[in-house]
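data_8.cif, holding mmCIF, C-alpha atoms and all ligand atoms:
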```cif
data_entry
loop_
_atom_site.label_atom_id
_atom_site.label_comp_id
_atom_site.auth_asym_id
_atom_site.auth_seq_id
_atom_site.Cartn_x
_atom_site.Cartn_y
_atom_site.Cartn_z
CA MET A 1 167.86 57.76 53.49
CA GLU A 2 165.02 60.24 54.31
CA GLU A 3 166.48 63.12 52.39
CA HIS A 4 167.04 61.00 49.29
CA LEU A 5 164.52 60.99 46.44
CA THR A 6 163.75 57.96 44.31
CA VAL A 7 164.35 58.11 40.58
CA GLY A 8 160.59 58.06 39.97
CA ARG A 9 159.98 60.97 42.32
CA VAL A 10 162.82 63.02 40.77
CA ALA A 11 161.44 62.33 37.29
CA GLU A 12 157.97 63.42 38.40
CA LEU A 13 159.19 66.61 40.08
CA ALA A 14 161.44 67.63 37.19
CA ASP A 15 158.92 66.57 34.55
CA ILE A 16 161.40 64.39 32.69
CA SER A 17 161.39 60.66 31.99
CA VAL A 18 163.05 58.03 34.16
CA ARG A 19 164.86 56.99 30.98
CA THR A 20 166.48 60.40 30.75
CA LEU A 21 167.67 60.11 34.34
CA HIS A 22 169.07 56.63 33.64
CA HIS A 23 170.88 58.04 30.61
CA TYR A 24 172.40 60.90 32.65
CA ASP A 25 173.56 58.29 35.15
CA GLU A 26 175.07 56.06 32.47
CA ILE A 27 177.07 58.89 30.90
CA GLY A 28 178.21 60.12 34.33
CA LEU A 29 176.44 63.49 34.09
CA VAL A 30 174.20 63.09 37.15
CA ARG A 31 174.97 60.00 39.23
CA PRO A 32 172.59 59.27 42.14
CA SER A 33 174.88 58.74 45.07
CA ALA A 34 172.83 55.98 46.76
CA ARG A 35 170.51 53.05 46.22
CA THR A 36 167.35 52.16 48.14
CA ALA A 37 167.17 48.90 50.08
CA VAL A 38 165.69 47.22 46.99
CA GLY A 39 168.33 48.63 44.67
CA TYR A 40 166.57 51.64 43.09
CA ARG A 41 168.56 54.79 42.34
CA ALA A 42 168.28 57.37 45.16
CA TYR A 43 169.17 61.06 44.71
CA ALA A 44 170.78 63.00 47.55
CA PRO A 45 170.27 66.82 47.78
CA ALA A 46 173.63 67.42 46.08
CA ASP A 47 172.61 65.13 43.19
CA VAL A 48 169.37 67.06 42.81
CA GLU A 49 171.29 70.36 42.85
CA ARG A 50 173.51 69.09 40.04
CA LEU A 51 170.49 67.83 38.10
CA ARG A 52 168.83 71.24 38.44
CA GLU A 53 171.91 72.86 36.87
CA VAL A 54 172.06 70.30 34.09
CA LEU A 55 168.37 70.76 33.25
CA ALA A 56 168.67 74.56 33.26
CA PHE A 57 171.65 74.46 30.86
CA ARG A 58 169.72 71.95 28.74
CA ARG A 59 166.76 74.32 28.57
CA LEU A 60 169.15 77.02 27.37
CA GLY A 61 170.08 74.77 24.46
CA PHE A 62 173.52 73.51 25.60
CA GLY A 63 174.59 70.02 24.48
CA LEU A 64 175.25 67.30 27.09
CA ARG A 65 179.01 67.37 26.49
CA GLU A 66 179.15 71.15 26.95
CA ILE A 67 177.05 70.83 30.10
CA ALA A 68 179.42 68.25 31.54
CA ASP A 69 182.31 70.72 31.03
CA LEU A 70 180.32 73.52 32.65
CA VAL A 71 179.17 71.66 35.76
CA ASP A 72 182.56 70.03 36.29
CA ASP A 73 184.55 73.25 35.75
CA PRO A 74 187.07 73.29 38.63
CA ASP A 75 187.37 77.09 38.37
CA THR A 76 183.78 77.81 39.39
CA ASP A 77 181.72 77.01 42.44
CA ALA A 78 177.95 76.47 42.69
CA VAL A 79 177.27 80.16 43.40
CA ALA A 80 179.29 81.33 40.39
CA ARG A 81 177.48 78.80 38.20
CA LEU A 82 174.10 79.96 39.50
CA HIS A 83 175.06 83.57 38.65
CA ARG A 84 176.06 82.46 35.19
CA LEU A 85 172.84 80.50 34.71
CA ARG A 86 170.79 83.41 35.95
CA GLY A 87 172.53 85.78 33.53
CA LEU A 88 171.96 83.44 30.60
CA LEU A 89 168.29 82.92 31.50
CA VAL A 90 167.67 86.65 31.93
CA ASP A 91 169.32 87.25 28.53
CA GLN A 92 167.09 84.63 26.96
CA ARG A 93 164.00 86.18 28.55
CA ASP A 94 165.01 89.66 27.34
CA ARG A 95 165.66 88.45 23.83
CA ALA A 96 162.25 86.72 23.76
CA ALA A 97 160.65 89.95 25.04
CA ALA A 98 162.39 91.95 22.29
CA MET A 99 161.07 89.48 19.70
CA VAL A 100 157.52 89.78 21.05
CA VAL A 101 157.77 93.58 20.72
CA ALA A 102 159.11 93.27 17.16
CA ILE A 103 156.37 90.82 16.17
CA ASP A 104 153.68 93.07 17.71
CA ARG A 105 155.09 95.97 15.69
CA GLU A 106 154.99 93.92 12.52
CA LEU A 107 151.40 92.76 13.22
CA GLU A 108 150.36 96.39 13.72
CA ALA A 109 152.15 97.40 10.53
CA ARG A 110 150.53 94.54 8.55
CA ALA A 111 147.09 95.49 9.92
CA MET A 112 147.67 98.92 8.39
CA GLY A 113 148.76 97.37 5.11
CA ILE A 114 152.47 98.19 5.64
CA ARG A 115 155.05 95.48 4.86
CA THR A 116 158.22 95.45 6.99
CA THR A 117 161.52 95.51 5.10
CA PRO A 118 163.80 92.44 5.07
CA GLU A 119 166.27 94.40 7.28
CA GLU A 120 163.57 95.07 9.87
CA GLN A 121 162.48 91.42 9.88
CA LEU A 122 166.00 90.14 10.49
CA LYS A 123 167.15 92.82 12.90
CA VAL A 124 165.68 91.11 15.93
CA PHE A 125 167.63 87.90 15.26
CA GLY A 126 170.92 89.73 14.70
CA ALA A 127 173.64 89.15 17.26
CA GLN A 128 173.53 92.70 18.50
CA LEU A 129 175.93 92.66 21.39
CA TYR A 130 173.89 94.64 23.86
CA GLU A 131 170.81 92.53 23.20
CA GLN A 132 172.94 89.68 24.51
CA ILE A 133 174.74 91.27 27.42
CA GLY A 134 172.56 94.27 28.24
CA SER A 135 170.64 92.71 31.11
CA ALA A 136 173.86 92.19 33.08
CA TYR A 137 174.84 95.86 32.68
CA PRO A 138 173.20 97.58 35.67
CA ALA A 139 174.80 95.20 38.20
CA THR A 140 178.11 97.11 38.17
CA ARG A 141 177.72 99.97 35.69
CA ARG A 142 176.72 103.25 37.23
CA THR A 143 177.74 106.91 37.22
CA GLU A 144 181.23 107.60 38.60
CA PRO A 145 180.75 111.07 40.13
CA ARG A 146 184.35 112.31 39.54
CA ILE A 147 184.17 111.45 35.85
CA ALA A 148 180.59 112.79 35.63
CA ALA A 149 181.89 116.13 36.96
CA ARG A 150 184.38 116.25 34.06
CA VAL A 151 181.59 115.52 31.54
CA LEU A 152 179.35 118.16 33.10
CA ALA A 153 182.12 120.75 32.99
CA ALA A 154 182.78 119.91 29.33
CA LEU A 155 179.08 120.33 28.49
CA GLY A 156 179.43 123.92 29.72
CA ASP A 157 176.18 125.86 29.69
CA ALA A 158 174.46 123.62 27.11
CA ARG A 159 170.74 123.52 27.89
CA THR A 160 169.69 120.82 25.40
CA VAL A 161 171.86 117.68 25.37
CA LEU A 162 171.73 114.65 23.09
CA ASN A 163 173.15 111.48 24.71
CA VAL A 164 174.11 108.98 22.01
CA GLY A 165 174.60 105.29 22.93
CA ALA A 166 172.88 106.29 26.15
CA GLY A 167 172.39 102.80 27.60
CA THR A 168 170.65 102.94 30.95
CA GLY A 169 171.33 106.66 31.31
CA SER A 170 174.52 106.88 33.38
CA TYR A 171 176.17 110.31 33.06
CA GLU A 172 173.02 111.98 31.74
CA PRO A 173 172.95 115.40 33.42
CA ALA A 174 169.79 115.80 35.52
CA ASP A 175 169.70 119.59 35.20
CA ARG A 176 169.54 119.77 31.37
CA GLU A 177 166.94 118.90 28.77
CA VAL A 178 168.26 115.52 27.61
CA THR A 179 167.26 113.42 24.60
CA ALA A 180 168.74 109.92 24.53
CA VAL A 181 169.55 107.70 21.54
CA GLU A 182 170.01 103.96 22.11
CA PRO A 183 169.68 101.15 19.52
CA SER A 184 169.41 98.24 21.97
CA ALA A 185 165.87 97.40 23.15
CA VAL A 186 167.32 95.59 26.18
CA MET A 187 169.20 98.73 27.25
CA ARG A 188 166.24 101.02 26.58
CA ALA A 189 164.00 98.77 28.68
CA GLN A 190 166.33 99.21 31.65
CA ARG A 191 166.26 102.99 31.72
CA PRO A 192 164.87 104.08 35.06
CA ALA A 193 161.39 105.58 35.33
CA GLY A 194 161.65 109.31 34.79
CA ALA A 195 164.80 109.06 32.65
CA ALA A 196 165.08 111.26 29.56
CA PRO A 197 163.06 110.22 26.49
CA CYS A 198 164.99 107.67 24.44
CA ILE A 199 164.91 107.14 20.69
CA ASP A 200 165.75 103.91 18.85
CA ALA A 201 168.49 105.07 16.48
CA ARG A 202 172.20 104.69 15.75
CA ALA A 203 174.96 107.25 15.98
CA GLU A 204 175.78 106.83 12.30
CA GLU A 205 172.29 108.03 11.24
CA LEU A 206 170.89 110.48 13.74
CA PRO A 207 167.29 111.42 12.98
CA PHE A 208 167.76 115.12 13.80
CA GLU A 209 168.19 118.35 11.87
CA ASP A 210 171.58 120.08 11.76
CA GLN A 211 172.47 121.93 14.97
CA SER A 212 169.35 120.74 16.84
CA PHE A 213 171.11 120.50 20.22
CA ASP A 214 173.39 122.72 22.28
CA ALA A 215 175.57 119.67 22.95
CA ALA A 216 175.87 115.99 22.05
CA MET A 217 177.64 113.48 24.31
CA ALA A 218 178.75 109.88 23.78
CA PHE A 219 180.03 108.01 26.81
CA SER A 220 181.84 104.69 26.56
CA THR A 221 180.07 103.79 23.34
CA VAL A 222 182.11 104.88 20.28
CA HIS A 223 184.07 101.58 20.22
CA HIS A 224 180.75 99.76 19.65
CA TRP A 225 179.73 101.75 16.59
CA GLN A 226 180.06 100.11 13.22
CA ASP A 227 181.48 103.30 11.74
CA PRO A 228 182.85 105.44 14.59
CA LEU A 229 184.02 108.34 12.40
CA ALA A 230 180.66 108.57 10.58
CA GLY A 231 178.93 108.55 14.00
CA LEU A 232 181.19 111.29 15.37
CA ARG A 233 180.56 113.42 12.28
CA GLU A 234 176.83 112.97 12.91
CA LEU A 235 177.25 114.23 16.49
CA ARG A 236 179.15 117.21 15.10
CA ARG A 237 176.36 117.86 12.57
CA VAL A 238 173.48 117.86 15.06
CA ALA A 239 175.12 119.72 17.98
CA LYS A 240 177.07 122.89 18.62
CA ARG A 241 179.33 121.18 21.17
CA VAL A 242 180.47 117.55 21.30
CA VAL A 243 181.77 115.63 24.33
CA VAL A 244 183.07 112.09 23.88
CA PHE A 245 184.46 109.75 26.53
CA THR A 246 186.52 107.01 24.93
CA TYR A 247 189.93 105.38 25.04
CA ASP A 248 193.14 106.10 23.23
CA ALA A 249 194.14 102.72 21.95
CA SER A 250 196.31 104.09 19.17
CA SER A 251 199.23 105.32 21.24
CA PRO A 252 202.22 102.97 21.27
CA GLY A 253 202.45 100.77 24.33
CA TRP A 254 198.78 101.19 25.19
CA LEU A 255 198.30 97.50 25.92
CA GLU A 256 201.25 97.65 28.35
CA ARG A 257 199.67 100.39 30.45
CA PHE A 258 197.20 98.11 32.15
CA TRP A 259 198.35 94.85 33.72
CA LEU A 260 195.17 93.06 32.62
CA THR A 261 195.89 93.53 28.93
CA ARG A 262 199.69 93.40 29.36
CA ASP A 263 199.93 90.14 31.32
CA TYR A 264 196.71 88.27 30.64
CA LEU A 265 194.87 89.48 27.56
CA PRO A 266 197.09 89.83 24.50
CA GLU A 267 193.92 89.04 22.51
CA PHE A 268 192.70 92.55 23.30
CA ALA A 269 194.89 93.81 20.45
CA GLY A 270 192.54 92.01 18.02
CA LEU A 271 189.62 94.13 19.21
CA LEU A 272 191.46 97.27 18.22
CA GLU A 273 192.02 96.33 14.59
CA GLY A 274 190.45 98.83 12.24
CA ARG A 275 189.47 101.22 15.04
CA PRO A 276 190.20 104.89 14.36
CA SER A 277 193.03 106.56 16.24
CA LEU A 278 192.43 109.21 18.88
CA ALA A 279 193.71 111.84 16.43
CA GLU A 280 191.18 110.74 13.79
CA MET A 281 188.34 110.80 16.31
CA SER A 282 189.39 114.25 17.56
CA ARG A 283 189.53 115.51 13.97
CA ALA A 284 186.04 114.14 13.21
CA ILE A 285 184.55 116.46 15.82
CA GLY A 286 187.19 119.19 15.59
CA GLY A 287 188.03 118.59 19.26
CA ARG A 288 190.87 118.25 21.73
CA ALA A 289 191.52 115.19 23.91
CA GLU A 290 192.16 115.39 27.66
CA PRO A 291 193.28 112.44 29.82
CA VAL A 292 190.81 111.11 32.39
CA PRO A 293 192.56 109.22 35.20
CA VAL A 294 190.60 106.30 36.68
CA PRO A 295 190.11 106.63 40.46
CA TRP A 296 191.18 103.56 42.45
CA ASP A 297 187.63 103.10 43.76
CA CYS A 298 185.87 103.93 40.48
CA ALA A 299 182.10 103.41 40.91
CA ASP A 300 181.44 102.59 37.24
CA GLY A 301 182.59 99.03 36.55
CA PHE A 302 184.02 99.55 33.08
CA PHE A 303 186.90 97.39 31.84
CA GLU A 304 189.72 99.37 33.51
CA ALA A 305 187.76 100.28 36.68
CA TYR A 306 189.29 97.64 38.95
CA TRP A 307 192.97 98.27 38.21
CA ARG A 308 193.75 98.40 41.96
CA ARG A 309 191.15 95.76 42.95
CA PRO A 310 192.25 92.78 40.85
CA GLU A 311 190.05 90.26 42.72
CA ALA A 312 187.02 91.99 41.20
CA TYR A 313 187.82 90.48 37.78
CA LEU A 314 187.27 87.02 39.25
CA ALA A 315 183.59 87.87 39.84
CA GLU A 316 181.25 86.82 37.06
CA PRO A 317 178.85 89.82 37.37
CA VAL A 318 181.81 92.22 36.97
CA ARG A 319 182.85 90.53 33.72
CA ARG A 320 179.29 90.15 32.39
CA ALA A 321 178.78 93.92 32.46
CA VAL A 322 181.84 94.56 30.23
CA SER A 323 181.56 93.66 26.56
CA VAL A 324 185.28 92.82 26.17
CA TRP A 325 184.79 89.39 27.76
CA THR A 326 181.83 88.47 25.58
CA ARG A 327 183.69 89.64 22.50
CA LEU A 328 186.77 87.58 23.28
CA GLY A 329 184.75 84.46 24.09
CA ALA A 330 184.31 82.05 26.99
CA ALA A 331 187.57 80.13 26.42
CA VAL A 332 189.76 83.26 26.72
CA GLU A 333 187.71 84.47 29.67
CA GLN A 334 188.10 81.21 31.58
CA ARG A 335 191.84 81.13 30.89
CA VAL A 336 192.35 84.69 32.14
CA VAL A 337 190.29 84.07 35.28
CA GLY A 338 192.27 80.91 36.03
CA GLU A 339 195.64 82.63 35.50
CA LEU A 340 194.71 85.70 37.50
CA ARG A 341 193.34 83.64 40.38
CA ALA A 342 196.55 81.59 40.49
CA ASP A 343 198.72 84.75 40.43
CA LEU A 344 196.68 86.39 43.20
CA GLU A 345 196.96 83.28 45.34
CA SER A 346 200.69 82.82 44.75
CA GLY A 347 201.51 86.51 45.30
CA ARG A 348 202.85 86.87 41.75
CA TRP A 349 200.30 89.58 40.87
CA ALA A 350 201.30 91.60 43.94
CA GLU A 351 205.01 91.17 43.08
CA ARG A 352 204.47 92.55 39.60
CA ASN A 353 202.03 95.30 40.51
CA GLY A 354 202.99 96.25 44.06
CA GLU A 355 203.45 99.93 43.18
CA LEU A 356 199.73 100.31 42.33
CA ALA A 357 198.78 100.10 46.02
CA GLY A 358 200.20 103.60 46.49
CA LEU A 359 198.21 105.24 43.66
CA ASP A 360 194.83 106.94 44.02
CA ALA A 361 194.20 107.22 40.29
CA ALA A 362 195.75 105.69 37.18
CA GLU A 363 196.28 106.99 33.67
CA LEU A 364 195.02 104.09 31.54
CA GLY A 365 194.43 105.84 28.24
CA LEU A 366 190.85 107.03 28.88
CA ARG A 367 190.14 110.34 27.18
CA LEU A 368 187.52 113.05 27.03
CA ILE A 369 187.41 114.62 23.58
CA VAL A 370 185.73 118.00 23.61
CA GLY A 371 184.94 119.92 20.46
C1 LIG B 1 179.15 100.44 27.22
S1 LIG B 1 177.52 100.93 26.82
C2 LIG B 1 177.53 102.58 27.42
C3 LIG B 1 176.17 103.07 27.82
C4 LIG B 1 176.14 104.44 28.51
N1 LIG B 1 176.65 105.49 27.64
C5 LIG B 1 176.92 104.39 29.78
O1 LIG B 1 177.95 105.02 29.91
O2 LIG B 1 176.47 103.71 30.71
C6 LIG B 1 177.57 101.12 25.06
C7 LIG B 1 176.20 101.43 24.46
O3 LIG B 1 176.38 101.78 23.07
C8 LIG B 1 175.25 101.29 22.37
N2 LIG B 1 175.53 101.23 20.91
C9 LIG B 1 176.03 100.18 20.20
N3 LIG B 1 176.12 100.52 18.89
C10 LIG B 1 175.67 101.80 18.77
C11 LIG B 1 175.52 102.69 17.67
N4 LIG B 1 175.87 102.34 16.44
N5 LIG B 1 175.01 103.92 17.91
C12 LIG B 1 174.68 104.29 19.17
N6 LIG B 1 174.80 103.48 20.25
C13 LIG B 1 175.29 102.26 20.06
C14 LIG B 1 175.01 99.94 23.00
O4 LIG B 1 173.72 99.43 22.72
C15 LIG B 1 175.24 100.26 24.47
O5 LIG B 1 174.07 100.62 25.14
#
```
Show the structure stored in the file as structure tokens.
Ligand SMILES: C[S@@+](CC[C@H](N)C(=O)[O-])C[C@H]1O[C@@H](n2cnc3c(N)ncnc32)[C@H](O)[C@@H]1O
Amino acid sequence: MEEHLTVGRVAELADISVRTLHHYDEIGLVRPSARTAVGYRAYAPADVERLREVLAFRRLGFGLREIADLVDDPDTDAVARLHRLRGLLVDQRDRAAAMVVAIDRELEARAMGIRTTPEEQLKVFGAQLYEQIGSAYPATRRTEPRIAARVLAALGDARTVLNVGAGTGSYEPADREVTAVEPSAVMRAQRPAGAAPCIDARAEELPFEDQSFDAAMAFSTVHHWQDPLAGLRELRRVAKRVVVFTYDASSPGWLERFWLTRDYLPEFAGLLEGRPSLAEMSRAIGGRAEPVPVPWDCADGFFEAYWRRPEAYLAEPVRRAVSVWTRLGAAVEQRVVGELRADLESGRWAERNGELAGLDAAELGLRLIVG
């Protein structure tokens, strides 16, 4: 019994009432696995571990029914759930930090007699995707040197480079004078010390004069823009050369190219609705598209990066750093993970995709448009 804690002690340590603990017991959420000699509830270490998870999800605002589903999910273990909790808590912290910054800005503005616009006041509450998922980004997203070499070659001898949708600064050439543009405060906050100066702006409205830069680049970001063609035209306006890394989702059979979309994620098609075709994007910058094969050991964990390492998609941090999963929602994500895990275990994935083992790089529709 030594390692068990009484209900009173647990309540004291967790700063909750004994009544709450009794309620969790009654509804089967956290059941103490023992009783003391005189019949009081006694919590074993595993019970305490479960309670810790429940309380953390509670603090994040989840309802008790949702929490029960999360902690009893047969597809995740304690470590996966801790990663998930950590990600959610870090997101919450980052969002609170972004709100503090916005409120400080507004206080400063008010002190100077300036009123913020309704758009500015609401912006910080808006569900901007990268404010939600940005803190998970650096875990697996970094420069892939073979793709970076292609970008560098496309930039040619440009001395001044504008990087739009710059994120944490992957692919920014170190030997040029770079200016970054990034609308997400969470992403800007994660740029390493010494990274290029970064401006809070959007591709669709670049705060620069015509032809201010030798080149403008946009890497893995166009699909996030509200108006991709307007953004690309802005890049064209402010720079003499434009280099865009994106995907060609318009060609027929694109979803079939990659087993993840073909066999597990038909919902991906919904994300493509209304997106401009590769031809339209090329026209917007007056450029030409070149295929960019994805190396089998791609260092940048974008959506297609693990085409020959399917187990990677089972890892929560890999999925958290790719917006597709957040966009499609937790239910789709859990289904795909369950199906993929089962197919990997049964050998069905290997049966269907055996030929991939012999490839060093795959053509998955990624394109560099240079204009
Ligand atoms: C997948 S990340 C890519 C970041 C970086 N280019 C990289 O390769 O690591 C997409 C970025 O686009 C940014 N973004 C979203 N909407 C944007 C817009 N309208 N204009 C510019 N950037 C935008 C997001 O905040 C996010 O940082």
Distance criterion (only C-alpha atoms and all ligand atoms): nearest to ligand LIG 1 (chain B) out of A:Glu316, A:Glu363, A:Glu355, A:Asp200: A:Asp200
Report the closest atom pair, with its distance in Å rounded to one decimal, for each residue of chain A that has an atom no farther than 6 Å from ligand LIG 1 (chain B); count all atoms listed in the file, sort by chain and then rising residue number, and write it as a Markdown table.
```
| residue | atom | partner | partner_atom | distance |
| --- | --- | --- | --- | --- |
| A:Tyr130 | CA | B:LIG1 | O4 | 4.9 |
| A:Val164 | CA | B:LIG1 | C12 | 5.5 |
| A:Gly165 | CA | B:LIG1 | N6 | 3.2 |
| A:Ala166 | CA | B:LIG1 | N1 | 4.1 |
| A:Gly167 | CA | B:LIG1 | O5 | 3.7 |
| A:Thr168 | CA | B:LIG1 | O2 | 5.9 |
| A:Gly169 | CA | B:LIG1 | O2 | 6.0 |
| A:Ser170 | CA | B:LIG1 | O2 | 4.6 |
| A:Glu182 | CA | B:LIG1 | N6 | 5.2 |
| A:Pro183 | CA | B:LIG1 | O4 | 5.4 |
| A:Ser184 | CA | B:LIG1 | O4 | 4.5 |
| A:Met187 | CA | B:LIG1 | O5 | 5.6 |
| A:Arg202 | CA | B:LIG1 | N5 | 3.6 |
| A:Ala203 | CA | B:LIG1 | N5 | 3.8 |
| A:Phe219 | CA | B:LIG1 | N1 | 4.3 |
| A:Ser220 | CA | B:LIG1 | C2 | 4.9 |
| A:Thr221 | CA | B:LIG1 | C6 | 4.0 |
| A:His224 | CA | B:LIG1 | N3 | 4.8 |
| A:Trp225 | CA | B:LIG1 | N4 | 3.9 |
| A:Gln226 | CA | B:LIG1 | N4 | 5.7 |
```
CA of Arg31 (chain A) sits from CA of Leu51 (chain A) at a separation of 9.1 Å
By how many Å are CA of Ala284 (chain A) and CA of Ile369 (chain A) apart? 10.5 Å
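Look at region 347-351 of chain A: the protein and nucleic acid residues within 10 Å of it, using all atoms listed in the file and passing over chain neighbours fewer than 6 places away, are A:Trp259, A:Asp263, A:Pro310, A:Glu339, A:Leu340, A:Arg341, A:Ala357.
Excluding Leu5 (chain A) and any residue on its chain fewer than 5 positions from it, the residues at most 12 Å away by only C-alpha atoms are Val10, Ala11, Glu12, Leu13, Ala14, Pro32, Ser33, Ala34, Arg35, Thr36, Tyr40, Arg41, Ala42, Tyr43, Ala44, Pro45, Ala46, Asp47 and Val48 of chain A.
Of note, CA of Phe62 (chain A) and CA of Trp325 (chain A) are spaced 19.6 Å apart.
Nearest-residue note for Ala148 (chain A): choosing from A:Ala312, A:Val243, A:Leu162, A:Leu260, the minimum distance belongs to A:Val243, counting only C-alpha atoms.
Closest to Val318 (chain A) among A:Phe245, A:Tyr137, A:Trp296, A:Phe268 is A:Tyr137, based on all atoms listed in the file.
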Restricting the calculation to only C-alpha atoms, which member of A:Leu364, A:Val186, A:Asp300, A:Ser250 is positioned closest to Ala97 (chain A)? A:Val186
